[in-house]
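Participant: Provided herewith: target_37.cif, mmCIF, C-alpha atoms and all ligand atoms.
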```cif
data_target
loop_
_atom_site.label_atom_id
_atom_site.label_comp_id
_atom_site.auth_asym_id
_atom_site.auth_seq_id
_atom_site.Cartn_x
_atom_site.Cartn_y
_atom_site.Cartn_z
CA MET A 28 3.96 -18.80 -14.31
CA ASP A 29 7.48 -17.39 -14.52
CA THR A 30 8.74 -16.61 -11.04
CA THR A 31 12.43 -16.80 -11.86
CA HIS A 32 12.95 -13.07 -12.24
CA PRO A 33 13.69 -10.94 -9.17
CA SER A 34 10.89 -9.10 -7.45
CA PRO A 35 10.77 -5.34 -8.18
CA THR A 36 11.70 -3.24 -5.20
CA ALA A 37 9.41 -0.71 -3.61
CA ALA A 38 12.17 1.88 -3.82
CA GLY A 39 12.42 1.36 -7.56
CA SER A 40 8.75 1.55 -8.41
CA GLY A 41 6.09 2.52 -5.90
CA ALA A 42 8.13 5.42 -4.56
CA SER A 43 9.00 6.95 -7.94
CA ALA A 44 5.30 7.01 -8.73
CA THR A 45 4.86 9.82 -6.21
CA GLN A 46 7.39 11.92 -8.14
CA ALA A 47 5.61 11.16 -11.42
CA PHE A 48 2.23 12.06 -9.96
CA LEU A 49 3.42 15.35 -8.48
CA ALA A 50 5.19 16.25 -11.75
CA ARG A 51 1.91 15.88 -13.66
CA GLN A 52 0.46 18.65 -11.46
CA GLU A 53 -2.89 16.94 -11.09
CA GLY A 54 -3.08 17.88 -7.43
CA GLY A 55 -5.36 20.42 -5.84
CA ALA A 56 -9.07 20.12 -5.29
CA GLY A 57 -9.74 23.83 -4.74
CA GLU A 58 -12.89 23.82 -6.87
CA VAL A 59 -14.68 21.17 -4.80
CA SER A 60 -17.61 22.63 -2.84
CA ARG A 61 -17.92 22.45 0.93
CA GLU A 62 -21.08 20.44 0.59
CA ARG A 63 -19.38 17.89 -1.65
CA VAL A 64 -16.38 17.53 0.68
CA ALA A 65 -18.67 17.05 3.69
CA THR A 66 -20.86 14.50 1.89
CA VAL A 67 -18.11 12.31 0.46
CA VAL A 68 -15.74 12.49 3.42
CA GLN A 69 -18.57 11.74 5.83
CA ALA A 70 -19.50 8.68 3.75
CA VAL A 71 -15.88 7.46 3.84
CA LEU A 72 -15.73 7.97 7.62
CA ASP A 73 -19.09 6.22 8.05
CA GLY A 74 -17.60 3.21 6.22
CA VAL A 75 -14.53 3.18 8.46
CA HIS A 76 -16.64 3.50 11.63
CA GLU A 77 -18.93 0.72 10.45
CA ALA A 78 -15.93 -1.59 9.87
CA ILE A 79 -14.60 -0.79 13.36
CA ARG A 80 -17.95 -1.57 15.00
CA THR A 81 -18.69 -4.69 12.97
CA HIS A 82 -15.26 -6.20 13.46
CA GLU A 83 -14.61 -4.78 16.94
CA VAL A 84 -11.29 -3.25 15.92
CA THR A 85 -8.90 -3.03 18.89
CA TYR A 86 -6.47 -0.30 20.00
CA ARG A 87 -3.62 -2.57 18.91
CA GLU A 88 -5.04 -2.78 15.41
CA PHE A 89 -5.78 0.96 15.30
CA THR A 90 -2.15 1.67 16.26
CA ALA A 91 -0.85 -0.77 13.64
CA ALA A 92 -3.02 0.96 11.03
CA LYS A 93 -1.56 4.37 11.97
CA GLN A 94 1.97 3.00 11.72
CA TRP A 95 1.24 1.45 8.32
CA LEU A 96 -0.37 4.65 6.97
CA ILE A 97 2.73 6.61 8.02
CA GLU A 98 4.87 4.11 6.09
CA VAL A 99 2.69 4.42 2.99
CA GLY A 100 3.37 8.15 2.94
CA GLU A 101 7.04 8.01 3.86
CA SER A 102 7.75 5.38 1.19
CA GLY A 103 5.87 7.32 -1.48
CA GLU A 104 3.44 4.51 -2.15
CA TRP A 105 0.19 6.49 -2.01
CA PRO A 106 -0.19 6.50 -5.82
CA LEU A 107 0.56 2.78 -6.01
CA LEU A 108 -1.83 1.90 -3.17
CA LEU A 109 -4.67 4.10 -4.41
CA ASP A 110 -4.32 3.03 -8.05
CA VAL A 111 -4.28 -0.64 -7.09
CA PHE A 112 -7.16 -0.63 -4.60
CA VAL A 113 -9.33 2.40 -5.39
CA GLU A 114 -8.91 3.71 -8.94
CA HIS A 115 -10.95 0.93 -10.58
CA GLU A 116 -14.08 2.12 -8.79
CA VAL A 117 -13.56 5.75 -9.86
CA GLU A 118 -13.02 4.54 -13.43
CA GLU A 119 -16.21 2.47 -13.38
CA VAL A 120 -18.24 5.45 -12.20
CA ALA A 121 -16.71 7.63 -14.95
CA ALA A 122 -17.42 4.88 -17.50
CA ARG A 123 -21.18 5.08 -16.83
CA LYS A 124 -21.30 8.17 -19.03
CA GLN A 125 -18.79 7.09 -21.67
CA HIS A 126 -19.14 5.56 -25.13
CA GLY A 127 -16.58 4.04 -27.45
CA THR A 128 -13.73 1.76 -26.41
CA LYS A 129 -13.91 0.73 -22.75
CA GLY A 130 -11.53 2.53 -20.44
CA SER A 131 -9.43 1.19 -17.60
CA ILE A 132 -7.30 2.69 -14.87
CA LEU A 133 -4.26 4.87 -15.59
CA GLY A 134 -2.14 3.31 -12.86
CA PRO A 135 0.97 4.82 -11.27
CA TYR A 136 3.50 4.41 -14.09
CA TYR A 137 2.44 6.83 -16.82
CA LEU A 138 5.11 9.34 -17.89
CA PRO A 139 3.97 12.12 -20.23
CA GLY A 140 6.19 13.44 -23.01
CA ALA A 141 7.32 10.18 -24.63
CA PRO A 142 8.76 10.68 -28.14
CA LYS A 143 6.37 10.77 -31.11
CA LEU A 144 6.70 7.79 -33.43
CA PRO A 145 5.34 7.14 -36.95
CA SER A 146 2.26 4.95 -37.59
CA VAL A 147 4.38 1.89 -38.41
CA THR A 148 7.00 1.76 -35.71
CA THR A 149 9.00 -0.12 -33.14
CA LEU A 150 8.86 1.08 -29.53
CA PRO A 151 12.19 2.26 -28.08
CA MET A 152 13.88 -0.79 -26.60
CA ARG A 153 17.26 -2.16 -25.64
CA GLU A 154 19.39 -3.72 -28.38
CA ASP A 155 18.99 -7.09 -26.71
CA GLU A 156 15.46 -6.50 -25.36
CA PRO A 157 14.36 -9.92 -24.11
CA GLY A 158 10.91 -11.33 -24.77
CA THR A 159 8.54 -12.53 -27.46
CA ARG A 160 8.36 -10.12 -30.44
CA PHE A 161 4.83 -8.74 -30.54
CA VAL A 162 3.14 -6.70 -33.27
CA PHE A 163 0.09 -4.72 -32.23
CA ALA A 164 -1.92 -3.21 -35.11
CA GLY A 165 -5.31 -1.63 -35.69
CA GLN A 166 -7.30 1.46 -36.54
CA VAL A 167 -8.76 4.39 -34.60
CA ARG A 168 -12.31 5.34 -35.63
CA ASP A 169 -14.99 7.66 -34.31
CA THR A 170 -18.41 6.56 -33.06
CA THR A 171 -19.85 6.93 -36.60
CA GLY A 172 -17.23 4.51 -37.94
CA ARG A 173 -15.09 7.10 -39.72
CA PRO A 174 -11.31 6.75 -39.40
CA VAL A 175 -9.61 9.32 -37.16
CA PRO A 176 -6.51 10.49 -39.06
CA GLY A 177 -3.48 11.32 -36.96
CA ALA A 178 -4.90 9.93 -33.70
CA GLU A 179 -2.20 9.47 -31.06
CA LEU A 180 -1.62 6.26 -29.15
CA ASP A 181 0.39 7.05 -26.03
CA ILE A 182 1.56 3.55 -25.09
CA TRP A 183 3.65 2.21 -22.22
CA HIS A 184 4.13 -1.26 -20.83
CA ALA A 185 6.33 -3.45 -18.66
CA ASP A 186 9.13 -5.54 -20.13
CA HIS A 187 9.28 -9.35 -20.32
CA ALA A 188 10.08 -9.46 -16.59
CA GLY A 189 7.37 -7.03 -15.47
CA TYR A 190 9.52 -3.89 -15.03
CA TYR A 191 8.58 -0.38 -16.20
CA SER A 192 11.16 2.11 -17.44
CA GLY A 193 11.33 5.11 -15.12
CA PHE A 194 10.36 2.92 -12.16
CA ALA A 195 13.06 0.27 -12.11
CA PRO A 196 16.69 1.38 -11.87
CA HIS A 197 18.09 -1.16 -14.37
CA ILE A 198 15.81 -0.22 -17.30
CA PRO A 199 16.93 2.60 -19.65
CA GLU A 200 14.85 5.77 -19.63
CA GLY A 201 11.99 5.71 -22.16
CA ASN A 202 12.16 1.95 -22.72
CA LEU A 203 8.90 0.56 -24.14
CA ARG A 204 7.19 3.96 -24.16
CA GLY A 205 6.11 6.10 -27.11
CA VAL A 206 3.40 8.26 -28.67
CA VAL A 207 2.48 6.54 -31.94
CA VAL A 208 0.84 8.86 -34.47
CA ALA A 209 -1.67 6.94 -36.62
CA ASP A 210 -1.74 7.48 -40.39
CA GLY A 211 -4.36 9.30 -42.49
CA GLN A 212 -6.70 6.33 -42.05
CA GLY A 213 -6.19 6.13 -38.29
CA ARG A 214 -4.10 2.99 -38.75
CA PHE A 215 -1.10 1.94 -36.72
CA GLU A 216 1.28 -1.02 -36.42
CA ILE A 217 3.48 -1.14 -33.34
CA SER A 218 6.31 -3.62 -32.89
CA THR A 219 7.31 -4.35 -29.32
CA VAL A 220 7.77 -7.31 -26.97
CA GLN A 221 5.12 -9.05 -24.90
CA PRO A 222 4.99 -7.73 -21.32
CA ALA A 223 4.97 -10.06 -18.33
CA PRO A 224 2.48 -9.92 -15.44
CA TYR A 225 3.25 -7.17 -12.93
CA GLN A 226 3.96 -7.92 -9.29
CA ILE A 227 3.34 -5.25 -6.64
CA PRO A 228 6.71 -4.74 -4.90
CA THR A 229 6.69 -7.00 -1.87
CA ASP A 230 9.12 -4.93 0.23
CA GLY A 231 6.98 -1.80 0.62
CA PRO A 232 3.86 -1.15 2.71
CA THR A 233 1.44 -2.01 -0.12
CA GLY A 234 3.16 -5.37 -0.57
CA LYS A 235 3.27 -5.92 3.18
CA LEU A 236 -0.47 -5.33 3.45
CA ILE A 237 -1.13 -7.78 0.60
CA GLU A 238 1.03 -10.38 2.28
CA ALA A 239 -0.49 -9.75 5.72
CA ALA A 240 -3.96 -10.29 4.25
CA GLY A 241 -2.91 -13.40 2.32
CA TRP A 242 -3.88 -11.87 -1.05
CA HIS A 243 -1.72 -12.20 -4.16
CA PRO A 244 0.31 -9.26 -5.50
CA TRP A 245 -0.17 -9.79 -9.26
CA ARG A 246 -1.66 -7.90 -12.18
CA PRO A 247 -2.08 -9.78 -15.45
CA ALA A 248 0.24 -8.76 -18.32
CA HIS A 249 -1.06 -5.59 -19.93
CA LEU A 250 -0.45 -2.70 -22.31
CA HIS A 251 -1.33 0.81 -21.13
CA LEU A 252 -2.73 3.27 -23.65
CA ILE A 253 -4.07 6.77 -23.82
CA VAL A 254 -5.68 7.21 -27.24
CA ARG A 255 -6.36 10.83 -28.14
CA ALA A 256 -7.33 12.98 -31.14
CA PRO A 257 -8.52 16.57 -31.58
CA GLY A 258 -12.27 16.88 -30.96
CA CYS A 259 -12.47 13.50 -29.22
CA ARG A 260 -12.58 12.46 -25.58
CA PRO A 261 -9.24 10.79 -24.82
CA ILE A 262 -9.49 7.18 -23.71
CA THR A 263 -7.25 5.84 -20.96
CA THR A 264 -7.28 2.07 -21.13
CA GLN A 265 -5.37 -1.18 -20.85
CA LEU A 266 -5.26 -4.28 -23.04
CA TYR A 267 -4.70 -7.76 -21.66
CA PHE A 268 -3.73 -11.15 -23.11
CA ALA A 269 -6.14 -14.07 -23.48
CA GLY A 270 -5.20 -17.04 -21.34
CA GLY A 271 -2.64 -15.08 -19.33
CA ASP A 272 -2.01 -15.57 -15.62
CA TRP A 273 -4.07 -13.44 -13.22
CA LEU A 274 -6.53 -12.32 -15.92
CA ASP A 275 -9.42 -13.38 -13.68
CA SER A 276 -7.91 -12.19 -10.40
CA ASP A 277 -6.19 -8.85 -11.10
CA VAL A 278 -5.17 -7.36 -7.75
CA ALA A 279 -6.16 -3.94 -9.21
CA GLN A 280 -9.55 -5.23 -10.50
CA ALA A 281 -8.98 -3.36 -13.77
CA THR A 282 -9.68 -6.01 -16.42
CA LYS A 283 -12.73 -5.97 -18.68
CA PRO A 284 -13.72 -8.71 -21.13
CA GLU A 285 -13.74 -6.21 -24.03
CA LEU A 286 -10.07 -5.39 -23.40
CA VAL A 287 -8.48 -8.79 -24.04
CA LEU A 288 -6.17 -9.37 -27.01
CA ASP A 289 -5.60 -12.81 -28.47
CA PRO A 290 -2.20 -12.65 -30.19
CA GLN A 291 -1.55 -15.32 -32.81
CA PRO A 292 1.81 -16.66 -33.97
CA VAL A 293 2.95 -15.18 -37.28
CA SER A 294 6.59 -15.93 -38.11
CA ASP A 295 9.64 -17.23 -36.26
CA GLY A 296 8.42 -16.86 -32.71
CA CYS A 297 6.65 -13.55 -33.36
CA VAL A 298 3.02 -12.93 -32.38
CA ARG A 299 0.49 -10.40 -33.66
CA ALA A 300 -2.78 -8.97 -32.35
CA GLU A 301 -5.20 -6.44 -33.79
CA TYR A 302 -7.38 -4.00 -31.90
CA ASP A 303 -9.50 -1.11 -33.17
CA PHE A 304 -10.28 1.88 -30.95
CA VAL A 305 -13.49 3.91 -31.02
CA LEU A 306 -13.36 7.53 -29.80
CA GLU A 307 -16.48 9.54 -28.93
CA PRO A 308 -16.78 13.29 -29.46
CA ALA A 309 -15.22 15.41 -26.71
C1 LIG A 401 0.71 -1.32 -12.59
O1 LIG A 401 1.48 -1.66 -13.64
C2 LIG A 401 -0.53 -0.90 -12.86
O2 LIG A 401 -0.89 -0.86 -14.14
C3 LIG A 401 -1.39 -0.54 -11.84
C4 LIG A 401 -2.75 -0.11 -12.15
C5 LIG A 401 -0.97 -0.61 -10.54
C6 LIG A 401 0.29 -1.02 -10.26
C7 LIG A 401 1.12 -1.38 -11.29
FE FE A 402 0.70 -1.30 -15.44
#
```
What is this file in structure tokens?

Facilitator:
Amino acid sequence: MDTTHPSPTAAGSGASATQAFLARQEGGAGEVSRERVATVVQAVLDGVHEAIRTHEVTYREFTAAKQWLIEVGESGEWPLLLDVFVEHEVEEVAARKQHGTKGSILGPYYLPGAPKLPSVTTLPMREDEPGTRFVFAGQVRDTTGRPVPGAELDIWHADHAGYYSGFAPHIPEGNLRGVVVADGQGRFEISTVQPAPYQIPTDGPTGKLIEAAGWHPWRPAHLHLIVRAPGCRPITTQLYFAGGDWLDSDVAQATKPELVLDPQPVSDGCVRAEYDFVLEPA
């Protein structure tokens, strides 16, 4: 494991995720019925009460929890915390009714509006972008096996040190992000660099909780993708790397065996992996 690079700061990542979330305008649950609110919120409260009874939670602990929750909000880490510890369960429930390529969680670091790129392309990167050159190629098909021409692969990933552009001050805007438009046969070939595992920032409340509980703060190296095409249900997913650190102990519990790439060496230190996506009708 490479631990030589500096740890990302909470201010640089977790906090900016609140801005990104609010900018996407996903907020507002106005259409949820009273009955639904009462049922789900009561179930959540029942779980909290049960934990308090079972573990005889003290006033000291209750006060510490309040203090910590205030810090989560003030530091802007609600998206980070919820995506790390809760989103995987929401995704698995949604996946019960889905066909095609397996989904995974969106996470806190998606930025819409990345530039469109041709089907054979290199992701925007620094002139001296460090890391192993990595070519990711494949085809997008529908559930009947037909190619999906012009499918879009909205892709974003961390750099070789685990930092995301837009969420780490030293990375240029738009780095390692793009919307790749597949060709008439749904094919694509994306050149980039291999991402490193991601470490939850240790200096914010999410990191402090992880440390206080003695858990580890790591996600395995991954690519994020939203694959979309007209008439198809978009797939939000992630792809991982065979043999990589933390693959079997993702802090966000978002890995699936079907979502693991196995890049092979091709030429002068470059690796290549193929993956085909299957979209179901919308
Ligand atoms: C990430 O990069 C990520 O993908 C998730 C789900 C949570 C925190 C950081
Ligand atoms: Fe991520």

Participant: What lies within 6 Å of range 244-258 of chain A using only C-alpha atoms, ignoring chain neighbours under 2 positions off, as a PyMOL selection string?

Facilitator: chain A and resi 178-184+222-227+261-267+272-274+277-278+308-309

Participant: Please identify all polymer residues within 10 Å of Ser43 in chain A, counting only C-alpha atoms, omitting same-chain residues fewer than 2 positions from it, and present them as a list in words.

Facilitator: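 Counting only the stated atoms, we get Ala37, Ala38, Gly39, Ser40, Gly41, Thr45, Gln46, Ala47, Phe48, Ser102, Gly103, Glu104, Pro106, Leu107, Pro135, Tyr136, Gly193, Phe194 and Ala195 of chain A.
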
Participant: Select, from A:Ala65, A:Val84, A:Val162, A:Ala281, the residue with the minimum atom-to-atom distance to ligand FE 402 (chain A), counting all atoms listed in the file.

Facilitator: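 Distance minimum relative to ligand FE 402 (chain A) lands on A:Ala281.
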
Participant: Find the residue from A:Tyr86, A:Trp242, A:Tyr190, A:Phe304 that sits nearest to ligand LIG 401 (chain A); use all atoms listed in the file when measuring.

Facilitator: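 Closest to ligand LIG 401 (chain A), using all atoms listed in the file: A:Tyr190.
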
Participant: Please enclose the listed atoms of range 260-275 of chain A in an axis-aligned box, pad each side by 6 Å, and write out the centre and the three edge lengths in Å, rounded to one decimal, as JSON.

Facilitator:
```
{"center_x": -7.3, "center_y": -2.3, "center_z": -19.4, "size_x": 22.6, "size_y": 41.5, "size_z": 24.4}
```

Participant: From the set A:Gly57, A:Gly189, A:Pro284, A:Gly158, which residue has the shortest atom-to-atom contact distance to ligand FE 402 (chain A), counting all atoms listed in the file?

Facilitator: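 Checking each candidate against ligand FE 402 (chain A), we get A:Gly189 as the closest.
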
Participant: If we count all atoms listed in the file and set the cut-off at 9 Å, which residues sit around range 141-150 of chain A, ignoring sequence neighbours fewer than 5 positions away in its own chain? Please answer as an MDAnalysis selection string.

Facilitator: chainID A and resid 162 164 177 179 181:182 201:210 213:220

Participant: Please return range 281-302 of chain A, rebuilt to N, CA, C and O atoms, as a tab-separated table (two decimals), in the coordinates of the input.

Facilitator:
```
chain	number	residue	atom	x	y	z
A	281	ALA	N	-8.89	-4.31	-12.65
A	281	ALA	CA	-8.98	-3.36	-13.77
A	281	ALA	C	-9.16	-4.05	-15.12
A	281	ALA	O	-9.05	-3.39	-16.15
A	282	THR	N	-9.46	-5.35	-15.14
A	282	THR	CA	-9.68	-6.01	-16.42
A	282	THR	C	-11.14	-5.88	-16.83
A	282	THR	O	-12.02	-5.71	-15.99
A	283	LYS	N	-11.37	-5.93	-18.14
A	283	LYS	CA	-12.73	-5.97	-18.68
A	283	LYS	C	-12.70	-6.94	-19.85
A	283	LYS	O	-11.70	-6.97	-20.59
A	284	PRO	N	-13.76	-7.71	-20.06
A	284	PRO	CA	-13.72	-8.71	-21.13
A	284	PRO	C	-13.50	-8.11	-22.52
A	284	PRO	O	-12.93	-8.77	-23.39
A	285	GLU	N	-13.91	-6.85	-22.71
A	285	GLU	CA	-13.74	-6.21	-24.03
A	285	GLU	C	-12.30	-5.81	-24.29
A	285	GLU	O	-11.96	-5.35	-25.38
A	286	LEU	N	-11.43	-5.92	-23.29
A	286	LEU	CA	-10.07	-5.39	-23.40
A	286	LEU	C	-9.02	-6.50	-23.46
A	286	LEU	O	-7.89	-6.32	-23.02
A	287	VAL	N	-9.41	-7.66	-24.00
A	287	VAL	CA	-8.48	-8.79	-24.04
A	287	VAL	C	-8.05	-9.08	-25.47
A	287	VAL	O	-8.87	-9.33	-26.34
A	288	LEU	N	-6.74	-9.01	-25.71
A	288	LEU	CA	-6.17	-9.37	-27.01
A	288	LEU	C	-5.94	-10.87	-27.07
A	288	LEU	O	-5.75	-11.51	-26.03
A	289	ASP	N	-5.90	-11.39	-28.30
A	289	ASP	CA	-5.60	-12.81	-28.47
A	289	ASP	C	-4.52	-12.96	-29.54
A	289	ASP	O	-4.80	-13.32	-30.67
A	290	PRO	N	-3.27	-12.63	-29.19
A	290	PRO	CA	-2.20	-12.65	-30.19
A	290	PRO	C	-2.02	-14.05	-30.80
A	290	PRO	O	-2.13	-15.05	-30.09
A	291	GLN	N	-1.76	-14.05	-32.09
A	291	GLN	CA	-1.55	-15.32	-32.81
A	291	GLN	C	-0.13	-15.35	-33.35
A	291	GLN	O	0.40	-14.31	-33.75
A	292	PRO	N	0.46	-16.54	-33.40
A	292	PRO	CA	1.81	-16.66	-33.97
A	292	PRO	C	1.81	-16.25	-35.43
A	292	PRO	O	0.86	-16.56	-36.15
A	293	VAL	N	2.82	-15.50	-35.86
A	293	VAL	CA	2.95	-15.18	-37.28
A	293	VAL	C	4.20	-15.82	-37.87
A	293	VAL	O	4.10	-16.79	-38.62
A	294	SER	N	5.38	-15.31	-37.57
A	294	SER	CA	6.59	-15.93	-38.11
A	294	SER	C	7.66	-16.02	-37.05
A	294	SER	O	7.66	-15.23	-36.11
A	295	ASP	N	8.54	-16.92	-37.18
A	295	ASP	CA	9.64	-17.23	-36.26
A	295	ASP	C	9.49	-16.65	-34.85
A	295	ASP	O	10.22	-15.74	-34.46
A	296	GLY	N	8.55	-17.20	-34.13
A	296	GLY	CA	8.42	-16.86	-32.71
A	296	GLY	C	7.78	-15.51	-32.46
A	296	GLY	O	7.74	-15.04	-31.33
A	297	CYS	N	7.28	-14.87	-33.49
A	297	CYS	CA	6.65	-13.55	-33.36
A	297	CYS	C	5.14	-13.72	-33.26
A	297	CYS	O	4.57	-14.62	-33.86
A	298	VAL	N	4.49	-12.88	-32.46
A	298	VAL	CA	3.02	-12.93	-32.38
A	298	VAL	C	2.43	-11.59	-32.79
A	298	VAL	O	3.11	-10.56	-32.75
A	299	ARG	N	1.14	-11.61	-33.18
A	299	ARG	CA	0.49	-10.40	-33.66
A	299	ARG	C	-0.94	-10.36	-33.14
A	299	ARG	O	-1.63	-11.39	-33.08
A	300	ALA	N	-1.38	-9.16	-32.77
A	300	ALA	CA	-2.78	-8.97	-32.35
A	300	ALA	C	-3.29	-7.69	-32.97
A	300	ALA	O	-2.53	-6.74	-33.19
A	301	GLU	N	-4.60	-7.65	-33.25
A	301	GLU	CA	-5.20	-6.44	-33.79
A	301	GLU	C	-6.25	-5.92	-32.82
A	301	GLU	O	-6.92	-6.70	-32.12
A	302	TYR	N	-6.36	-4.61	-32.76
A	302	TYR	CA	-7.38	-4.00	-31.90
A	302	TYR	C	-7.74	-2.65	-32.49
A	302	TYR	O	-6.86	-1.84	-32.80
```
